[in-house]
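Only one structure is covered here, and it is reproduced in the block below.
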Amino acid sequence: MNVGRQAICRVALMVGIAVLAMVAQAAPDAARGEQVYARCLGCHGLASDRVGPRHCGLIGRRAASIAGFDYSKAMKQSGIVWNKKTLDRFLTKPMGAVPGTSMTYDGVPLAGDREDLIAYLEKVNTEAVCKTEGNHKP
Ligand code: HEC
C-alpha cells in the first residue's frame, strides 16, 4: 500500500470513529444507566425505602412525597417535581442543589452518566420490579 492510500484509510477510519462516537452520545443508554445506578444502591432501592427513599415512580412525583419516609426539612421545602431537568440538576451536586439535604452524596459528575442514569430510572419504572402494588406513585 502506498503512502497516499494509507493516509486515506487513516482518514476514513477517523471519520468512522467520530461518527460512532456521535451515535453513541446521541441516545441515552438505559443499560449503561443501570451500571451507574450501582452507585446509588448503597442507600437506595427501587421498590423499597432504605437509607434513601424508593425510586420506583420517581419521575413525575413531588420531592419528599413518599409517605413514612423521614425526609430532611430542606427536601420537604424544595418544591421540586422530579423530571429529567430537575434530576439532572440535583444529581450533579445534591448538596448544592438542595442545601441541607440528608443525601450526603457528592453527585454524578459526568453529564453522560447522569443522562444514562435518568433514562434507566425512567425505563425501570415500567418494568415488573416497579409494577407491584404499592411500589408505584404514592
Ligand atoms: C449516602 C447515601 C445515598 C446515596 C449514595 C444516594 N442517595 Fe439519594 N437520597 C439519600 C437520602 C438520605 C435521601 C433523602 C434526602 C432528604 O430528605 O433530604 C435521598 C433522596 C434522593 C432523591 C429524592 C427522592 C424523593 O423522594 O424526593 C433522589 C431523586 C435521589 N436520592 C437519587 C439518588 C441517586 C440517583 C443516587 C445515585 C447516583 C443517589 N440518590 C445516591 C441517600 C443517598
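In the C-alpha cells, each chain is lettered A, B, ... as it comes, each chain's residues begin at 1, and ligands are numbered from 1 in order of appearance.
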Would you name the residues within 6 Å of ligand 1, counting only C-alpha atoms and all ligand atoms, and put them as a list in words? Tyr37, Arg39, Cys40, Gly42, Cys43, Val51, Gly52, Pro53, Ala63, Ala64, Ser65, Ile66, Tyr71, Ser72, Ala74, Met75, Thr101, Ser102, Met103, Thr104, Tyr105 and Val108 of chain A
Kindly save the residues from that selection, with C-alpha atoms included, as a compact mmCIF listing (two decimals), in the first residue's frame.
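The file below, selection_22.txt, is the result:
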```txt
# COMPACT_ATOMS: atom_id res chain seq x y z
CA TYR A 37 -27.22 3.19 39.37
CA ARG A 39 -23.56 3.94 42.93
CA CYS A 40 -26.99 4.64 44.40
CA GLY A 42 -25.69 1.64 48.83
CA CYS A 43 -28.54 3.84 50.03
CA VAL A 51 -31.32 4.96 53.84
CA GLY A 52 -32.89 6.89 50.94
CA PRO A 53 -36.45 6.68 49.60
CA ALA A 63 -39.85 15.67 46.10
CA ALA A 64 -40.29 14.25 49.61
CA SER A 65 -43.64 12.63 48.80
CA ILE A 66 -43.08 9.01 49.91
CA TYR A 71 -37.06 13.41 54.65
CA SER A 72 -34.98 16.42 55.59
CA ALA A 74 -34.75 21.03 53.07
CA MET A 75 -36.12 18.34 50.74
CA THR A 101 -30.44 17.64 52.17
CA SER A 102 -29.67 14.47 54.12
CA MET A 103 -28.44 12.86 50.89
CA THR A 104 -24.78 13.24 51.74
CA TYR A 105 -23.54 12.14 48.35
CA VAL A 108 -22.58 12.17 39.46
```
For A:Asp106, which residue among A:Leu91, A:Ala12, A:Val36, A:Ile118 is the nearest when counting only C-alpha atoms? A:Leu91
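Nearest to A:Lys131 of all the residues A:Ile8, A:Ala47, A:Leu13, A:Glu115 is A:Ala47, based on only C-alpha atoms.
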Let's see if you can do this: from backbone DSSP, list all alpha helix (DSSP H) residues in chain A, as an MDAnalysis selection string. chainID A and resid 3:26 30:37 73:76 84:92 94:97 111:124 128:131
